[in-house]
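Shown next: target33.tsv, containing TSV, C-alpha atoms.
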chain	number	residue	atom	x	y	z
M	1	MET	CA	0.00	0.00	0.00
M	2	THR	CA	1.24	3.49	-0.76
M	3	ARG	CA	2.14	5.32	2.39
M	4	HIS	CA	1.14	8.94	2.50
M	5	ARG	CA	3.78	10.87	4.41
M	6	PRO	CA	4.60	14.52	5.10
M	7	SER	CA	7.22	16.13	2.87
M	8	ASP	CA	10.86	16.25	4.01
M	9	GLU	CA	10.56	19.97	4.65
M	10	LEU	CA	7.49	19.55	6.86
M	11	LEU	CA	9.28	16.86	8.90
M	12	LEU	CA	12.25	19.23	9.26
M	13	ASP	CA	9.88	21.99	10.46
M	14	TYR	CA	8.55	19.53	13.01
M	15	ALA	CA	11.96	18.28	14.16
M	16	ALA	CA	13.20	21.86	14.48
M	17	GLY	CA	10.24	22.66	16.73
M	18	ALA	CA	9.17	25.42	14.35
M	19	LEU	CA	5.56	24.37	13.81
M	20	PRO	CA	2.58	25.96	15.61
M	21	ALA	CA	0.76	23.67	18.06
M	22	GLY	CA	-1.89	22.35	15.62
M	23	PRO	CA	0.38	21.20	12.79
M	24	ALA	CA	2.94	19.98	15.37
M	25	LEU	CA	0.23	17.72	16.82
M	26	ALA	CA	-0.76	16.36	13.39
M	27	VAL	CA	2.84	15.65	12.36
M	28	GLY	CA	3.70	14.28	15.83
M	29	VAL	CA	0.77	11.84	15.72
M	30	HIS	CA	1.80	10.70	12.25
M	31	VAL	CA	5.44	10.28	13.34
M	32	ALA	CA	4.31	8.15	16.30
M	33	LEU	CA	2.49	5.81	13.87
M	34	GLU	CA	4.84	5.68	10.89
M	35	PRO	CA	8.32	4.11	11.37
M	36	ALA	CA	9.82	5.64	8.20
M	37	SER	CA	8.96	9.17	9.31
M	38	ARG	CA	10.10	8.42	12.84
M	39	ARG	CA	13.44	7.26	11.49
M	40	LEU	CA	13.87	10.53	9.60
M	41	VAL	CA	12.93	12.58	12.67
M	42	ASP	CA	15.44	10.57	14.72
M	43	ARG	CA	18.11	11.42	12.18
M	44	LEU	CA	17.15	15.06	12.19
M	45	GLY	CA	17.49	14.89	15.97
M	46	ALA	CA	20.99	13.48	15.55
M	47	LEU	CA	21.69	16.33	13.12
M	48	ALA	CA	20.47	18.91	15.66
M	49	GLY	CA	22.81	17.42	18.27
M	50	VAL	CA	25.73	17.53	15.85
M	51	LEU	CA	24.98	21.18	15.03
M	52	LEU	CA	24.88	22.03	18.74
M	53	GLU	CA	28.13	20.20	19.40
M	54	SER	CA	29.95	21.74	16.45
M	55	ASP	CA	28.97	25.26	17.50
M	56	THR	CA	32.00	27.37	18.42
M	57	GLY	CA	30.19	28.33	21.60
M	58	SER	CA	30.25	31.47	23.68
M	59	ASP	CA	32.11	31.68	27.00
M	60	LEU	CA	30.18	31.96	30.24
M	61	PRO	CA	31.29	34.17	33.13
M	62	ALA	CA	33.91	32.58	35.39
M	63	ASP	CA	31.44	32.01	38.25
M	64	ALA	CA	28.78	30.31	36.09
M	65	LEU	CA	29.81	26.77	36.98
M	66	ASP	CA	29.98	27.53	40.72
M	67	ARG	CA	26.52	29.08	40.61
M	68	ALA	CA	25.19	25.98	38.89
M	69	LEU	CA	26.93	23.64	41.33
M	70	SER	CA	25.57	25.54	44.32
M	71	ARG	CA	22.04	24.88	43.04
M	72	LEU	CA	22.42	21.13	42.62
M	73	ASP	CA	21.67	20.28	46.26
M	74	ARG	CA	18.30	21.96	45.94
M	75	GLU	CA	17.64	20.31	42.57
M	76	PRO	CA	17.54	16.55	43.16
M	77	VAL	CA	18.03	14.16	40.27
M	78	GLU	CA	14.54	12.86	39.48
M	79	THR	CA	13.94	9.13	39.45
M	80	ARG	CA	13.03	7.58	36.15
M	81	SER	CA	9.47	6.73	37.11
M	82	GLY	CA	8.85	10.35	38.01
M	83	ALA	CA	10.37	11.55	34.77
M	84	GLN	CA	8.37	9.42	32.37
M	85	GLY	CA	4.67	8.74	32.50
M	86	GLU	CA	2.59	6.59	30.23
M	87	VAL	CA	-0.70	8.32	29.55
M	88	ASP	CA	-3.84	6.20	29.33
M	89	GLY	CA	-6.17	6.57	26.38
M	90	PRO	CA	-8.04	4.72	23.64
M	91	THR	CA	-5.95	2.13	21.78
M	92	TRP	CA	-6.22	4.11	18.54
M	93	ALA	CA	-4.71	7.25	20.11
M	94	PRO	CA	-0.88	7.45	20.05
M	95	ALA	CA	0.92	9.19	22.94
M	96	PRO	CA	1.11	12.72	21.49
M	97	LEU	CA	-2.69	12.70	21.09
M	98	ARG	CA	-3.45	11.11	24.48
M	99	ARG	CA	-2.14	14.16	26.29
M	100	HIS	CA	-4.90	16.18	24.62
M	101	ILE	CA	-7.72	13.80	25.55
M	102	THR	CA	-6.97	13.00	29.20
M	103	GLN	CA	-10.56	13.95	30.05
M	104	GLY	CA	-11.89	11.43	27.51
M	105	VAL	CA	-13.31	12.02	24.04
M	106	ARG	CA	-16.69	13.74	23.89
M	107	TRP	CA	-18.13	12.69	20.54
M	108	ARG	CA	-20.94	14.87	19.21
M	109	ARG	CA	-23.17	14.30	16.19
M	110	ALA	CA	-22.38	16.76	13.43
M	111	PHE	CA	-24.28	17.82	10.35
M	112	GLY	CA	-23.71	15.25	7.60
M	113	GLY	CA	-23.99	12.06	9.66
M	114	PHE	CA	-20.59	11.87	11.31
M	115	GLU	CA	-19.31	12.45	14.84
M	116	ARG	CA	-16.74	14.96	15.92
M	117	ALA	CA	-14.86	15.88	19.08
M	118	GLU	CA	-13.07	19.21	19.41
M	119	LEU	CA	-9.56	19.24	20.86
M	120	ASP	CA	-8.31	22.11	22.95
M	121	LEU	CA	-4.95	23.39	21.70
M	122	GLY	CA	-4.86	26.23	24.19
M	123	GLY	CA	-6.01	28.93	21.78
M	124	ALA	CA	-3.11	28.38	19.41
M	125	GLY	CA	-4.79	29.61	16.24
M	126	HIS	CA	-5.36	26.32	14.43
M	127	ARG	CA	-8.42	24.22	15.18
M	128	ALA	CA	-8.10	20.52	15.82
M	129	ALA	CA	-10.80	17.87	16.01
M	130	LEU	CA	-11.29	14.13	15.87
M	131	LEU	CA	-13.79	12.87	13.31
M	132	LYS	CA	-15.51	9.50	13.28
M	133	LEU	CA	-17.23	8.21	10.16
M	134	ALA	CA	-19.20	4.97	9.86
M	135	PRO	CA	-18.05	2.73	6.98
M	136	GLY	CA	-19.32	4.02	3.65
M	137	ARG	CA	-20.24	7.42	5.08
M	138	GLY	CA	-18.66	10.55	3.72
M	139	LEU	CA	-18.00	14.08	4.82
M	140	PRO	CA	-19.99	16.79	3.06
M	141	MET	CA	-18.26	18.09	-0.08
M	142	HIS	CA	-16.00	20.90	1.04
M	143	THR	CA	-13.05	23.01	0.08
M	144	HIS	CA	-10.39	24.79	2.15
M	145	ARG	CA	-9.40	28.38	2.59
M	146	GLY	CA	-6.27	27.35	4.44
M	147	GLU	CA	-4.33	24.18	5.03
M	148	GLU	CA	-6.05	21.07	6.35
M	149	MET	CA	-3.95	18.26	7.80
M	150	THR	CA	-5.45	14.81	8.32
M	151	VAL	CA	-3.98	11.76	10.05
M	152	VAL	CA	-5.89	8.47	10.02
M	153	LEU	CA	-6.05	6.79	13.44
M	154	GLN	CA	-8.40	3.87	12.77
M	155	GLY	CA	-9.97	2.39	9.64
M	156	GLY	CA	-9.40	4.33	6.45
M	157	PHE	CA	-10.92	6.66	3.88
M	158	THR	CA	-10.75	7.27	0.18
M	159	ASP	CA	-11.12	10.45	-1.82
M	160	ALA	CA	-10.27	11.47	-5.35
M	161	SER	CA	-6.56	11.72	-4.43
M	162	GLY	CA	-6.26	8.16	-3.12
M	163	SER	CA	-6.81	5.79	-0.19
M	164	TYR	CA	-5.59	6.51	3.31
M	165	GLY	CA	-4.98	3.97	6.09
M	166	VAL	CA	-3.82	4.14	9.72
M	167	GLY	CA	-0.87	6.51	10.11
M	168	ASP	CA	-1.32	8.10	6.70
M	169	PHE	CA	-0.96	11.85	6.58
M	170	CYS	CA	-2.50	14.19	4.07
M	171	VAL	CA	-2.39	17.92	3.56
M	172	ALA	CA	-5.26	19.32	1.57
M	173	GLY	CA	-4.87	22.77	0.15
M	174	ASP	CA	-7.07	24.27	-2.52
M	175	GLY	CA	-9.70	22.22	-4.25
M	176	GLU	CA	-12.86	20.39	-3.35
M	177	HIS	CA	-12.79	16.94	-1.86
M	178	ARG	CA	-15.22	14.45	-0.43
M	179	PRO	CA	-13.63	11.72	1.69
M	180	ILE	CA	-15.62	8.47	2.13
M	181	ALA	CA	-14.88	6.00	4.96
M	182	ASP	CA	-13.68	2.58	3.80
M	183	PRO	CA	-15.54	-0.64	4.73
M	184	GLY	CA	-14.64	-2.28	8.04
M	185	GLU	CA	-14.11	-0.37	11.28
M	186	PRO	CA	-15.39	3.19	11.62
M	187	CYS	CA	-12.80	5.65	10.35
M	188	ILE	CA	-11.32	7.89	13.05
M	189	ALA	CA	-9.07	10.73	11.97
M	190	LEU	CA	-7.37	13.76	13.46
M	191	ILE	CA	-8.04	16.93	11.49
M	192	VAL	CA	-6.12	20.16	11.97
M	193	LEU	CA	-7.49	23.21	10.20
M	194	GLU	CA	-5.82	26.51	9.55
M	195	ARG	CA	-9.20	28.14	8.84
M	196	PRO	CA	-12.76	26.79	8.79
M	197	ILE	CA	-13.73	24.66	5.80
M	198	VAL	CA	-16.11	25.94	3.12
M	199	LEU	CA	-19.01	23.65	2.24
M	200	THR	CA	-19.61	23.51	-1.50
M	201	GLY	CA	-22.58	21.17	-2.05
M	202	PRO	CA	-26.05	22.68	-2.80
M	203	VAL	CA	-27.19	22.40	0.83
M	204	GLY	CA	-23.73	22.94	2.23
M	205	ARG	CA	-23.43	26.38	0.69
M	206	LEU	CA	-26.43	27.54	2.74
M	207	LEU	CA	-24.79	26.25	5.92
M	208	ASN	CA	-21.50	28.12	5.53
M	209	PRO	CA	-22.50	30.92	7.90
M	210	LEU	CA	-22.85	28.24	10.60
M	211	VAL	CA	-19.43	26.78	9.81
M	212	GLY	CA	-17.94	30.23	10.20
M	213	ARG	CA	-19.40	30.47	13.69
M	214	ASP	CA	-17.94	27.13	14.73
M	215	LEU	CA	-21.32	25.45	14.85
M	216	ILE	CA	-20.14	22.68	12.55
S	1	MET	CA	34.01	15.01	24.35
S	2	ASP	CA	32.82	12.11	22.20
S	3	ALA	CA	29.27	10.81	22.20
S	4	ALA	CA	30.06	7.82	24.41
S	5	ALA	CA	31.81	9.95	27.07
S	6	ALA	CA	28.90	12.39	27.21
S	7	ALA	CA	26.43	9.52	27.59
S	8	ASP	CA	28.60	8.05	30.36
S	9	CYS	CA	28.45	11.37	32.22
S	10	LEU	CA	24.64	11.44	32.02
S	11	GLU	CA	24.45	7.89	33.31
S	12	ALA	CA	26.84	8.70	36.17
S	13	ILE	CA	24.57	11.58	37.20
S	14	ALA	CA	21.52	9.32	37.05
S	15	ARG	CA	23.20	6.55	39.04
S	16	HIS	CA	24.97	8.42	41.81
S	17	GLN	CA	24.42	12.14	41.40
S	18	ASP	CA	27.97	12.45	40.11
S	19	ARG	CA	28.99	16.12	40.42
S	20	ALA	CA	32.29	15.64	38.58
S	21	ALA	CA	30.35	14.28	35.59
S	22	PHE	CA	28.08	17.32	35.79
S	23	GLN	CA	31.11	19.63	35.77
S	24	ARG	CA	32.43	17.97	32.62
S	25	LEU	CA	29.08	18.27	30.85
S	26	PHE	CA	28.72	21.87	31.99
S	27	ALA	CA	32.17	22.85	30.76
S	28	TYR	CA	31.52	21.27	27.38
S	29	PHE	CA	27.86	22.00	26.69
S	30	ALA	CA	26.99	25.24	28.53
S	31	PRO	CA	29.08	27.46	26.17
S	32	ARG	CA	27.64	25.62	23.17
S	33	VAL	CA	24.07	26.07	24.36
S	34	LYS	CA	24.79	29.75	24.95
S	35	GLY	CA	26.23	30.06	21.45
S	36	PHE	CA	23.27	28.23	19.95
S	37	VAL	CA	20.77	30.51	21.69
S	38	MET	CA	22.65	33.66	20.64
S	39	ARG	CA	22.71	32.45	17.05
S	40	GLY	CA	18.92	32.33	17.32
S	41	GLY	CA	18.91	36.07	18.00
S	42	ALA	CA	18.95	36.27	21.82
S	43	ASP	CA	21.20	38.65	23.76
S	44	ALA	CA	24.13	37.31	25.81
S	45	ASP	CA	22.35	37.57	29.19
S	46	THR	CA	19.30	35.64	28.02
S	47	ALA	CA	21.49	33.06	26.30
S	48	GLN	CA	23.45	32.60	29.52
S	49	GLU	CA	20.29	32.07	31.50
S	50	VAL	CA	19.06	29.49	28.98
S	51	ALA	CA	22.42	27.71	29.21
S	52	GLN	CA	22.32	27.67	33.04
S	53	GLU	CA	18.73	26.46	33.21
S	54	THR	CA	19.34	23.85	30.50
S	55	LEU	CA	22.26	22.29	32.36
S	56	ILE	CA	20.31	22.29	35.65
S	57	LEU	CA	17.52	20.44	33.84
S	58	VAL	CA	20.07	18.04	32.36
S	59	TRP	CA	21.04	17.23	35.96
S	60	ARG	CA	17.46	16.78	37.16
S	61	LYS	CA	16.29	14.72	34.18
S	62	ALA	CA	19.43	12.61	33.68
S	63	ALA	CA	17.57	9.41	34.62
S	64	SER	CA	15.23	9.80	31.65
S	65	PHE	CA	18.14	9.85	29.22
S	66	ASP	CA	18.36	6.57	27.28
S	67	ARG	CA	21.50	6.18	25.19
S	68	SER	CA	19.86	3.62	22.91
S	69	ARG	CA	17.30	6.23	21.83
S	70	ALA	CA	19.26	9.45	21.42
S	71	SER	CA	22.79	10.75	21.68
S	72	ALA	CA	23.64	12.99	24.64
S	73	ALA	CA	24.04	16.05	22.37
S	74	THR	CA	20.62	15.43	20.79
S	75	TRP	CA	19.00	15.02	24.17
S	76	ILE	CA	20.62	18.20	25.48
S	77	PHE	CA	19.56	20.03	22.33
S	78	THR	CA	15.90	19.12	22.93
S	79	ILE	CA	16.11	20.46	26.48
S	80	ALA	CA	17.89	23.63	25.36
S	81	ARG	CA	15.40	24.46	22.66
S	82	ASN	CA	12.44	23.99	24.97
S	83	LYS	CA	14.12	26.15	27.62
S	84	ARG	CA	14.72	28.77	24.98
S	85	ILE	CA	11.07	28.75	23.96
S	86	ASP	CA	10.05	28.94	27.64
S	87	LEU	CA	12.27	31.92	28.37
S	88	LEU	CA	11.82	33.85	25.15
S	89	ARG	CA	8.07	33.22	24.83
S	90	ARG	CA	8.17	34.15	21.18
S	91	GLY	CA	4.64	35.32	20.48
S	92	ASN	CA	3.93	33.29	17.34
S	93	LYS	CA	5.66	30.13	18.53
S	94	PRO	CA	3.65	28.34	21.20
S	95	ALA	CA	5.82	26.31	23.52
S	96	ILE	CA	5.70	22.64	22.58
S	97	ASP	CA	5.23	20.11	25.32
S	98	PRO	CA	8.77	18.78	25.92
S	99	GLU	CA	7.30	15.30	26.29
S	100	ASP	CA	5.79	15.52	22.80
S	101	TRP	CA	9.06	16.54	21.33
S	102	LEU	CA	11.22	14.05	23.15
S	103	ALA	CA	8.67	11.34	22.40
S	104	ALA	CA	9.73	11.60	18.78
S	105	TYR	CA	13.06	10.15	19.79
S	106	ALA	CA	11.60	7.34	21.82
S	107	SER	CA	11.86	4.70	19.11
S	108	ASP	CA	9.95	2.05	20.99
S	109	SER	CA	7.74	0.97	18.12
S	110	GLY	CA	9.28	-2.45	17.73
S	111	GLU	CA	11.30	-1.58	14.68
S	112	ILE	CA	13.29	-4.76	14.63
S	113	GLY	CA	16.16	-4.86	12.18
S	114	LYS	CA	16.29	-1.11	11.88
S	115	SER	CA	17.21	-0.35	15.47
S	116	ILE	CA	20.66	1.03	14.81
S	117	ASP	CA	22.37	2.31	17.89
S	118	ALA	CA	21.68	6.02	18.41
S	119	GLU	CA	25.36	6.72	19.10
S	120	GLN	CA	26.34	5.07	15.84
S	121	THR	CA	23.79	7.13	13.90
S	122	TYR	CA	25.04	10.26	15.62
S	123	ASN	CA	28.66	9.61	14.73
S	124	ARG	CA	27.74	8.79	11.14
S	125	VAL	CA	25.66	11.98	10.78
S	126	LYS	CA	28.65	13.92	12.10
S	127	GLU	CA	30.81	12.44	9.34
S	128	LEU	CA	28.18	13.09	6.68
S	129	LEU	CA	27.78	16.74	7.63
S	130	GLY	CA	30.89	17.58	5.62
S	131	ASP	CA	29.17	16.29	2.47
S	132	LEU	CA	26.40	18.87	2.64
S	133	SER	CA	26.82	22.05	0.62
S	134	ALA	CA	27.17	25.43	2.34
S	135	ASP	CA	23.74	26.41	0.94
S	136	GLN	CA	22.13	23.28	2.37
S	137	MET	CA	23.80	23.87	5.74
S	138	THR	CA	22.59	27.47	5.90
S	139	VAL	CA	18.97	26.37	5.49
S	140	ILE	CA	19.19	23.55	8.02
S	141	ARG	CA	21.10	25.61	10.56
S	142	LYS	CA	18.47	28.37	10.38
S	143	ALA	CA	15.67	25.85	10.89
S	144	PHE	CA	17.21	24.37	14.05
S	145	PHE	CA	18.87	27.43	15.51
S	146	GLU	CA	16.13	29.97	14.84
S	147	ASP	CA	12.97	27.81	15.19
S	148	LYS	CA	12.00	28.75	11.65
S	149	THR	CA	9.77	26.86	9.26
S	150	HIS	CA	11.10	26.37	5.75
S	151	SER	CA	8.76	29.11	4.49
S	152	GLU	CA	10.14	31.51	7.09
S	153	VAL	CA	13.68	30.52	6.16
S	154	ALA	CA	12.90	31.21	2.49
S	155	ALA	CA	11.46	34.64	3.31
S	156	ASP	CA	14.47	35.43	5.52
S	157	LEU	CA	17.01	34.52	2.87
S	158	GLY	CA	15.00	36.11	0.07
S	159	LEU	CA	14.90	32.79	-1.77
S	160	PRO	CA	12.03	31.18	-3.69
S	161	LEU	CA	10.24	28.53	-1.61
S	162	GLY	CA	11.07	25.88	-4.22
S	163	THR	CA	14.80	26.54	-3.83
S	164	VAL	CA	14.65	26.05	-0.06
S	165	LYS	CA	12.57	22.87	-0.44
S	166	SER	CA	15.01	21.37	-2.90
S	167	ARG	CA	17.99	22.21	-0.66
S	168	ILE	CA	16.28	20.44	2.24
S	169	ARG	CA	15.38	17.43	0.12
S	170	LEU	CA	18.88	17.10	-1.30
S	171	ALA	CA	20.44	17.38	2.16
S	172	LEU	CA	18.13	14.75	3.66
S	173	GLN	CA	18.66	12.53	0.66
S	174	ARG	CA	22.39	12.72	1.29
S	175	LEU	CA	21.81	11.63	4.90
S	176	ARG	CA	19.58	8.73	3.83
S	177	VAL	CA	22.07	7.48	1.29
S	178	GLY	CA	24.91	7.86	3.77
S	179	LEU	CA	23.06	6.02	6.53
S	180	ASP	CA	21.20	3.34	4.59
S	181	GLY	CA	23.21	3.06	1.42
S	182	ASP	CA	19.94	3.55	-0.46
S	183	ALA	CA	17.40	6.24	-1.15
S	184	THR	CA	14.33	5.03	0.70
Please express what this file holds, its structure, as structure tokens.
Amino acid sequence: MTRHRPSDELLLDYAAGALPAGPALAVGVHVALEPASRRLVDRLGALAGVLLESDTGSDLPADALDRALSRLDREPVETRSGAQGEVDGPTWAPAPLRRHITQGVRWRRAFGGFERAELDLGGAGHRAALLKLAPGRGLPMHTHRGEEMTVVLQGGFTDASGSYGVGDFCVAGDGEHRPIADPGEPCIALIVLERPIVLTGPVGRLLNPLVGRDLI
Amino acid sequence: MDAAAAADCLEAIARHQDRAAFQRLFAYFAPRVKGFVMRGGADADTAQEVAQETLILVWRKAASFDRSRASAATWIFTIARNKRIDLLRRGNKPAIDPEDWLAAYASDSGEIGKSIDAEQTYNRVKELLGDLSADQMTVIRKAFFEDKTHSEVAADLGLPLGTVKSRIRLALQRLRVGLDGDAT
């Protein structure tokens, strides 16, 4: 099966920590699910370390080390169990997503026969939501005014551009599309939107004012 | 300090709060972290504070360092860049949960056969760095040192987006070929 992965430059943006919270979540979730992307991010991490180490550096004042040493007694070395915590969550949610759904997922019926659950990104500009589609169901025909990133978490969907399975990542820019959930399990996907979608079907067009006010 | 020695120091701190190991790491990495933060546009005082706080955090978190997952320099870089974001609070760059970022290096997904030692990868990347062109290095350095997306890097350098993308792709391709001997 063709894997749909983010571009090299988007993975670099992610590894450099340059992405805003929404896209960073989408890419992070994909990276957690896709070994090939994880391998590249690991290598970019190695590269970051090499860049740090090969920096000529800038001297600190003579007393810097003593000041640091004098703080160590008040700063105990944390034990490993305290430093790392597994977060519980649904089996389909990888770790970077679980931290956003610690209170559980509150699915709500949305216009068009699917369910959605908003994620709180702490007012970071982008909007993020989980969508759940029953097999064979589709999203209303829509187009984007900004970037839309999708990562499949369970099941799969197909649109005019291809078929997407668990871990697959897609960025939709301009142009209409109408994703339909594949047969089998319900399709669950993470969607990160730069700006609200624009519905383009005959009924959808009438509903756009509602989309703009976050009602859909 | 080579990668193995730095990892040994972190493990010594984790095992018995080894202050001598901390001193060695501080002497080696604190000036580099300061330099890295200044290259990102911070003044010397801020950069110094980031360096201090980073090394204190290195001490506190040493037990969560795992040499099979990341090299010491990579691990320290992740702490430094999060500290920098914390302290600078750059308006348009929301701080990323350090756990999210470090999780990317936690290769625990059962990738049997591909689990090359992190230290080995690190040393190989170091060797391969010399193969990248100056133009490629400029783009990658800006991304990591200035928290810039490739579009921001393009705007900064006054280059077309396509040029920056192809420099990134060629550089990463070089790394892939150098590490895997193929282009996958």
Report task. Would you work out the distance separating CA of Asp55 in chain M from CA of Gly17 in chain M, expressed in Å to one decimal? Result ->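 Computing it gives 18.9 Å between the two atoms.
Any residue of chain S with an atom no more than 6 Å from chain M counts as a contact; using only C-alpha atoms, that gives Pro31, Arg32, Lys34, Gly35, Arg60, Lys61, Ala63, Ser64, Ala73, Thr74, Phe77, Lys93, Asp100, Tyr105, Tyr122, Lys126, Ala143, Phe144, Asp147, Lys148 and Thr149 of chain S.
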Report task. Name the residues in contact with Leu190 in chain M at a cut-off of 10 Å, using only C-alpha atoms, excluding same-chain residues fewer than 6 positions from it; report them as a ChimeraX atom specification. Result -> /M:25-26,29-30,93,97,116-119,128-132,149-154,169
Report task. Write out as a PyMOL selection string which residues come within 6 Å of Ala62 in chain S when counting all atoms listed in the file, dropping same-chain ones fewer than 3 positions away. Result -> chain S and resi 10+14+58-59+65
Query - One-decimal distance in Å that lies between CA of Ala160 in chain M and CA of Arg108 in chain M - result: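 Value for the CA of Arg108 in chain M-CA of Ala160 in chain M distance: 27.0 Å.
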Report task. One decimal, Å: what's the distance from CA of Pro135 in chain M over to CA of Pro183 in chain M, could you say? Result ->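 Going from CA of Pro135 in chain M over to CA of Pro183 in chain M, I get 4.8 Å.
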Might I get the box with edges along x, y and z of the file that holds all atoms of range 175-193 of chain M listed there, padded by 8 Å on every side, given as centre and edge lengths in Å to one decimal, as JSON?
{"center_x": -10.9, "center_y": 10.5, "center_z": 4.6, "size_x": 25.5, "size_y": 41.5, "size_z": 33.7}
Query - Pick from M:Arg137, M:Val105, M:Asp120, M:Arg3, whichever lies nearest to Glu185 in chain M using all atoms listed in the file - result: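 Result for the nearest residue to Glu185 in chain M: M:Arg137.
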Query raised in the report: Pick from S:Gln17, S:Asn123, S:Ser68, S:Thr138: nearest to Ala154 in chain S, with all atoms listed in the file counted?
Result: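 When distances to Ala154 in chain S are compared using all atoms listed in the file, the smallest one comes from S:Thr138.
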